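File shown: final-v5.tsv. Contents: TSV, C-alpha atoms.
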```tsv
chain	number	residue	atom	x	y	z
K	30	MET	CA	-26.08	9.95	6.43
K	31	SER	CA	-24.18	8.99	3.30
K	32	GLN	CA	-20.49	9.86	3.31
K	33	LYS	CA	-21.00	11.46	-0.10
K	34	LEU	CA	-22.82	14.33	1.59
K	35	ASP	CA	-19.71	15.14	3.60
K	36	ARG	CA	-17.38	15.84	0.66
K	37	PRO	CA	-17.40	18.26	-2.28
K	38	GLN	CA	-18.48	16.51	-5.47
K	39	ASN	CA	-15.45	17.67	-7.46
K	40	LEU	CA	-14.51	14.34	-9.03
K	41	GLU	CA	-17.78	13.59	-10.81
K	42	GLY	CA	-17.09	11.75	-14.06
K	43	ARG	CA	-13.56	10.78	-13.05
K	44	ARG	CA	-12.37	7.19	-12.86
K	45	ALA	CA	-10.01	6.29	-10.01
K	46	LEU	CA	-7.94	3.17	-9.31
K	47	VAL	CA	-6.56	2.46	-5.84
K	48	THR	CA	-4.11	-0.40	-5.33
K	49	GLY	CA	-4.14	-2.21	-2.02
K	50	GLY	CA	-7.61	-0.72	-1.90
K	51	ALA	CA	-9.39	-3.29	0.23
K	52	SER	CA	-7.96	-2.31	3.64
K	53	GLY	CA	-6.04	0.28	5.60
K	54	ILE	CA	-5.00	3.45	3.80
K	55	GLY	CA	-6.24	2.07	0.50
K	56	ALA	CA	-9.78	1.50	1.76
K	57	ALA	CA	-9.87	4.98	3.28
K	58	CYS	CA	-8.76	6.42	-0.09
K	59	VAL	CA	-11.44	4.43	-1.92
K	60	ARG	CA	-14.13	5.87	0.34
K	61	GLU	CA	-12.72	9.40	0.08
K	62	LEU	CA	-12.56	9.42	-3.70
K	63	ALA	CA	-16.00	7.84	-4.02
K	64	ALA	CA	-17.39	10.44	-1.65
K	65	ARG	CA	-15.99	13.11	-3.97
K	66	GLY	CA	-17.89	11.60	-6.88
K	67	ALA	CA	-15.31	9.38	-8.58
K	68	HIS	CA	-16.04	5.90	-9.88
K	69	VAL	CA	-13.46	3.84	-8.01
K	70	THR	CA	-11.83	0.53	-8.86
K	71	VAL	CA	-10.63	-1.34	-5.78
K	72	ALA	CA	-7.49	-3.22	-6.82
K	73	ASP	CA	-6.38	-5.84	-4.32
K	74	VAL	CA	-5.16	-9.42	-4.07
K	75	ALA	CA	-7.93	-10.16	-1.53
K	76	ALA	CA	-11.03	-10.86	-3.63
K	77	GLY	CA	-13.70	-10.87	-0.92
K	78	PRO	CA	-12.77	-7.60	0.80
K	79	ALA	CA	-12.20	-5.86	-2.55
K	80	GLU	CA	-15.61	-6.91	-3.86
K	81	THR	CA	-17.35	-5.95	-0.61
K	82	LEU	CA	-15.83	-2.46	-0.56
K	83	ALA	CA	-16.49	-1.95	-4.27
K	84	ALA	CA	-20.15	-2.76	-3.71
K	85	GLU	CA	-20.26	-0.36	-0.76
K	86	VAL	CA	-19.04	2.61	-2.82
K	87	GLY	CA	-20.70	1.72	-6.12
K	88	GLY	CA	-17.39	0.95	-7.79
K	89	GLU	CA	-15.77	-2.20	-9.08
K	90	ALA	CA	-13.18	-4.69	-7.91
K	91	TRP	CA	-10.02	-5.73	-9.73
K	92	VAL	CA	-8.53	-8.82	-8.11
K	93	VAL	CA	-4.85	-8.65	-9.01
K	94	ASP	CA	-1.54	-9.93	-7.68
K	95	LEU	CA	0.81	-6.99	-8.22
K	96	SER	CA	3.83	-9.14	-7.46
K	97	ASP	CA	3.29	-10.81	-10.85
K	98	THR	CA	4.72	-7.83	-12.68
K	99	ARG	CA	5.26	-9.63	-15.98
K	100	ALA	CA	1.47	-9.93	-16.28
K	101	LEU	CA	1.24	-6.11	-16.20
K	102	ASP	CA	3.63	-5.46	-19.09
K	103	GLY	CA	0.92	-5.15	-21.76
K	104	LEU	CA	-1.77	-3.63	-19.55
K	105	ALA	CA	-3.90	-0.64	-20.63
K	106	LEU	CA	-5.83	1.27	-17.95
K	107	ASP	CA	-8.69	3.73	-18.22
K	108	ALA	CA	-8.00	5.72	-15.06
K	109	ASP	CA	-7.99	9.47	-14.53
K	110	ILE	CA	-6.67	9.04	-10.99
K	111	LEU	CA	-4.14	6.39	-9.99
K	112	VAL	CA	-3.31	5.86	-6.33
K	113	ASN	CA	-0.30	3.55	-5.92
K	114	ASN	CA	-0.80	2.33	-2.37
K	115	ALA	CA	-0.21	-1.44	-2.25
K	116	GLY	CA	2.65	-2.51	-0.05
K	117	ILE	CA	4.09	-5.13	2.26
K	118	GLN	CA	6.81	-5.09	4.90
K	119	ARG	CA	9.65	-7.32	6.04
K	120	VAL	CA	11.91	-6.45	8.99
K	121	ASN	CA	15.37	-8.01	9.22
K	122	PRO	CA	19.05	-7.04	9.31
K	123	ILE	CA	20.60	-6.95	5.84
K	124	GLU	CA	22.76	-10.02	6.47
K	125	ASP	CA	19.64	-12.03	7.34
K	126	PHE	CA	17.31	-10.49	4.77
K	127	ASP	CA	15.82	-13.08	2.42
K	128	PRO	CA	16.78	-12.07	-1.15
K	129	GLU	CA	13.38	-13.15	-2.45
K	130	ASP	CA	11.65	-10.93	0.13
K	131	PHE	CA	13.78	-8.02	-1.11
K	132	ARG	CA	12.76	-8.72	-4.71
K	133	LEU	CA	9.09	-9.19	-3.76
K	134	ILE	CA	8.90	-5.80	-2.03
K	135	HIS	CA	10.51	-4.09	-5.01
K	136	ARG	CA	8.13	-5.77	-7.44
K	137	ILE	CA	5.02	-4.73	-5.52
K	138	MET	CA	6.15	-1.28	-4.42
K	139	LEU	CA	8.30	-0.01	-7.32
K	140	GLU	CA	7.93	-2.14	-10.45
K	141	ALA	CA	4.14	-2.39	-10.23
K	142	PRO	CA	3.63	1.39	-9.77
K	143	PHE	CA	5.82	2.00	-12.84
K	144	LEU	CA	3.83	-0.49	-14.91
K	145	LEU	CA	0.46	0.87	-13.75
K	146	VAL	CA	1.50	4.45	-14.52
K	147	ARG	CA	2.79	3.27	-17.90
K	148	ALA	CA	-0.60	1.66	-18.56
K	149	ALA	CA	-2.62	4.71	-17.47
K	150	LEU	CA	-0.62	7.58	-19.01
K	151	PRO	CA	-1.79	7.21	-22.63
K	152	GLY	CA	-5.41	7.69	-21.56
K	153	MET	CA	-4.52	10.56	-19.25
K	154	TYR	CA	-2.55	12.27	-22.01
K	155	ALA	CA	-5.43	11.82	-24.47
K	156	LYS	CA	-7.77	13.59	-22.03
K	157	GLY	CA	-5.23	16.21	-21.02
K	158	TRP	CA	-5.87	15.41	-17.34
K	159	GLY	CA	-4.53	12.92	-14.84
K	160	ARG	CA	-3.53	12.57	-11.20
K	161	VAL	CA	-0.94	10.09	-9.92
K	162	VAL	CA	-0.66	9.82	-6.15
K	163	ASN	CA	2.07	7.56	-4.80
K	164	LEU	CA	1.71	6.44	-1.20
K	165	SER	CA	5.33	6.63	-0.18
K	166	SER	CA	6.41	6.92	3.45
K	167	VAL	CA	8.64	8.92	5.70
K	168	HIS	CA	10.98	6.06	4.78
K	169	GLY	CA	11.01	7.44	1.26
K	170	LEU	CA	12.88	10.42	2.71
K	171	VAL	CA	14.85	8.97	5.62
K	172	ALA	CA	16.03	5.50	6.60
K	173	SER	CA	15.57	3.17	9.54
K	174	PRO	CA	17.55	0.03	10.32
K	175	PHE	CA	16.27	-3.43	9.38
K	176	LYS	CA	14.12	-2.19	6.45
K	177	SER	CA	16.54	-2.28	3.51
K	178	ALA	CA	13.93	-3.43	0.97
K	179	TYR	CA	11.14	-1.11	2.09
K	180	VAL	CA	13.35	1.98	2.39
K	181	SER	CA	15.04	1.44	-0.97
K	182	ALA	CA	11.70	0.76	-2.72
K	183	LYS	CA	10.16	3.91	-1.29
K	184	HIS	CA	13.21	5.98	-2.23
K	185	GLY	CA	12.85	4.61	-5.76
K	186	LEU	CA	9.15	5.50	-5.79
K	187	GLU	CA	10.07	9.08	-4.90
K	188	GLY	CA	12.31	9.29	-7.96
K	189	LEU	CA	9.73	7.68	-10.22
K	190	SER	CA	7.10	10.15	-9.05
K	191	LYS	CA	9.32	13.11	-9.95
K	192	VAL	CA	9.99	11.76	-13.44
K	193	ILE	CA	6.24	11.29	-14.00
K	194	ALA	CA	5.71	14.89	-12.91
K	195	LEU	CA	8.32	16.19	-15.34
K	196	GLU	CA	7.07	14.15	-18.28
K	197	GLY	CA	3.39	14.77	-17.60
K	198	GLY	CA	3.39	18.42	-16.63
K	199	GLU	CA	2.70	19.88	-20.06
K	200	ARG	CA	0.07	17.23	-20.75
K	201	GLY	CA	-2.17	17.85	-17.74
K	202	VAL	CA	-0.84	15.07	-15.51
K	203	THR	CA	0.47	15.68	-12.00
K	204	SER	CA	2.38	13.25	-9.80
K	205	VAL	CA	3.03	13.49	-6.07
K	206	CYS	CA	4.11	11.38	-3.12
K	207	ILE	CA	2.50	11.29	0.29
K	208	ASN	CA	4.89	10.43	3.11
K	209	PRO	CA	3.15	9.30	6.29
K	210	GLY	CA	4.82	8.10	9.44
K	211	TYR	CA	3.40	4.96	11.02
K	212	VAL	CA	-0.29	4.66	10.16
K	213	ARG	CA	-2.84	2.68	12.16
K	214	THR	CA	-3.23	-0.17	9.65
K	215	PRO	CA	-2.92	-3.99	9.58
K	216	LEU	CA	0.48	-3.57	7.87
K	217	VAL	CA	1.83	-1.66	10.88
K	218	GLU	CA	0.20	-3.95	13.44
K	219	LYS	CA	1.87	-6.96	11.81
K	220	GLN	CA	5.28	-5.33	12.29
K	221	ILE	CA	5.12	-5.17	16.07
K	222	ALA	CA	6.39	-8.70	16.77
K	223	ALA	CA	9.19	-8.41	14.21
K	224	GLN	CA	10.24	-5.00	15.52
K	225	ALA	CA	10.30	-6.33	19.07
K	226	LYS	CA	12.55	-9.19	18.00
K	227	VAL	CA	15.12	-7.18	16.05
K	228	HIS	CA	15.25	-4.39	18.66
K	229	GLY	CA	15.29	-6.76	21.64
K	230	ILE	CA	12.35	-5.13	23.44
K	231	PRO	CA	8.88	-6.31	24.53
K	232	GLU	CA	6.07	-5.97	22.01
K	233	SER	CA	4.29	-3.60	24.41
K	234	GLU	CA	7.13	-1.07	23.98
K	235	VAL	CA	7.38	-1.08	20.17
K	236	VAL	CA	4.91	1.71	19.43
K	237	ALA	CA	6.45	4.17	21.89
K	238	LYS	CA	10.14	3.24	21.57
K	239	VAL	CA	10.35	2.46	17.84
K	240	MET	CA	7.37	3.70	15.87
K	241	LEU	CA	6.90	7.04	17.59
K	242	ALA	CA	10.47	7.63	18.75
K	243	GLU	CA	11.27	10.19	16.03
K	244	SER	CA	7.83	11.80	15.81
K	245	ALA	CA	7.12	15.09	17.57
K	246	VAL	CA	3.41	14.24	17.63
K	247	LYS	CA	3.17	11.08	19.71
K	248	ARG	CA	0.42	9.13	18.01
K	249	LEU	CA	-0.13	7.02	14.94
K	250	VAL	CA	-1.49	8.60	11.76
K	251	GLU	CA	-5.08	7.62	10.98
K	252	PRO	CA	-5.87	6.20	7.50
K	253	GLU	CA	-8.61	8.79	7.03
K	254	GLU	CA	-6.09	11.61	7.52
K	255	VAL	CA	-4.00	10.26	4.66
K	256	ALA	CA	-7.09	9.79	2.50
K	257	SER	CA	-8.19	13.38	3.09
K	258	LEU	CA	-4.91	14.57	1.59
K	259	VAL	CA	-5.36	12.21	-1.36
K	260	GLY	CA	-8.79	13.75	-1.90
K	261	TRP	CA	-7.39	17.27	-1.97
K	262	LEU	CA	-4.43	16.36	-4.18
K	263	THR	CA	-6.74	14.87	-6.81
K	264	GLY	CA	-9.14	17.81	-6.76
K	265	PRO	CA	-9.22	21.06	-8.71
K	266	ASP	CA	-7.24	23.12	-6.19
K	267	ALA	CA	-4.11	20.97	-6.59
K	268	ALA	CA	-3.48	21.45	-10.31
K	269	MET	CA	-0.12	23.13	-9.60
K	270	VAL	CA	0.99	20.55	-7.04
K	271	SER	CA	3.36	18.16	-8.81
K	272	GLY	CA	6.74	16.61	-8.26
K	273	ALA	CA	6.43	17.15	-4.51
K	274	SER	CA	6.55	14.92	-1.43
K	275	TRP	CA	3.91	15.68	1.19
K	276	THR	CA	4.97	14.62	4.66
K	277	MET	CA	2.36	13.54	7.21
K	278	ASP	CA	4.80	12.22	9.77
K	279	GLY	CA	4.19	14.22	12.94
K	280	GLY	CA	7.51	16.04	12.52
K	281	TRP	CA	9.67	12.93	12.11
K	282	SER	CA	11.53	14.16	9.01
K	283	ALA	CA	12.10	17.61	10.57
K	284	ARG	CA	14.98	16.18	12.60
```

Using structure tokens, write down the structure that the file contains.
Amino acid sequence: MSQKLDRPQNLEGRRALVTGGASGIGAACVRELAARGAHVTVADVAAGPAETLAAEVGGEAWVVDLSDTRALDGLALDADILVNNAGIQRVNPIEDFDPEDFRLIHRIMLEAPFLLVRAALPGMYAKGWGRVVNLSSVHGLVASPFKSAYVSAKHGLEGLSKVIALEGGERGVTSVCINPGYVRTPLVEKQIAAQAKVHGIPESEVVAKVMLAESAVKRLVEPEEVASLVGWLTGPDAAMVSGASWTMDGGWSAR
């Protein structure tokens, strides 16, 4: 059975762009939005996976390196829905943190979302309708050691999202953040060795002792759970939801 039969067709005629769309949360969002009727552009640095997923959902691929932010300065986007999801991670104490890694994370996870929103807003304003969904993190609300670049970029994304909401509110554009805890994705799996090293514990203990230590619900978030919230936030019932941060962290930030 086609996935499209499992979702309300409330995004027919809408154009969506998902960054980091070829895997993990991004791929789940691509499938969710396509299932709701949107024409989806899969934006990713990985050409093969982006093109394969775009073909699967009847969308298109945009092979782009979002770390090259200068190349985005003059960009214009025709997108009714923008999902800023692309991200990377580096785990190190501040005194050992590579300055270029810090800059790279901020380019991909804060500068690029600003430039993509800047490129999409004129079209959204002209139509009087737009949805910006920023995949933040529980680390956009609270901090953890050894993640100075990631935490500061996500905190910056939270502020950017609120400004977009304030500027776009009277012109039909909403902006929100989604704040998951650890999600079962390649990005999280790649952290296990680094987390084990900086915390001085075996890799087999990282999920329980680090990733789920603060969560009341002791499991990882599934990408499809995040995507289901993206689907609702871009639909007709969420027109008054703007400027907010939606936690999906198993109770982590309740502490």

**Asked** Which of these, K:Arg60, K:Arg36, K:His228, K:Arg99, has the shortest distance to Ala84 (chain K) once you count all atoms listed in the file?
**Response**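 That would be K:Arg60, the residue with the smallest distance to Ala84 (chain K).
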
**Within 12 Å of Asn114 (chain K) using all atoms listed in the file, minus same-chain residues under 3 positions, as JSON, numbers by chain** = {"K": [46, 47, 48, 49, 50, 51, 52, 53, 54, 55, 56, 57, 58, 59, 71, 72, 73, 95, 111, 117, 137, 138, 139, 141, 142, 145, 161, 162, 163, 164, 165, 166, 183, 186, 206, 207, 208, 209, 216, 252, 255, 256, 259]}

Centre, x/y/z edge lengths, axis-aligned box for region 99-104 of chain K with 6 Å per side, as JSON:
```
{"center_x": 1.7, "center_y": -6.8, "center_z": -18.9, "size_x": 19.0, "size_y": 18.3, "size_z": 17.8}
```

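Closest approach to Asp109 (chain K) among K:Gly197, K:Gly279, K:Pro265, K:Gly157: K:Gly157, based on all atoms listed in the file.
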
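Nearest-residue note for Gly201 (chain K): choosing from K:Ala267, K:Val86, K:Leu104, K:Ala237, the minimum distance belongs to K:Ala267, counting all atoms listed in the file.
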
**Prompt:** At what distance in Å, to one decimal, does CA of Ala108 (chain K) lie from CA of Leu258 (chain K)?
**Reply:**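 Separation of CA of Leu258 (chain K) and CA of Ala108 (chain K): 19.1 Å.
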
**Request:** To one decimal in Å, tell me the separation between CA of Val205 (chain K) and CA of Val93 (chain K).
**Result:**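 Computed distance, CA of Val205 (chain K) to CA of Val93 (chain K), equals 23.7 Å.
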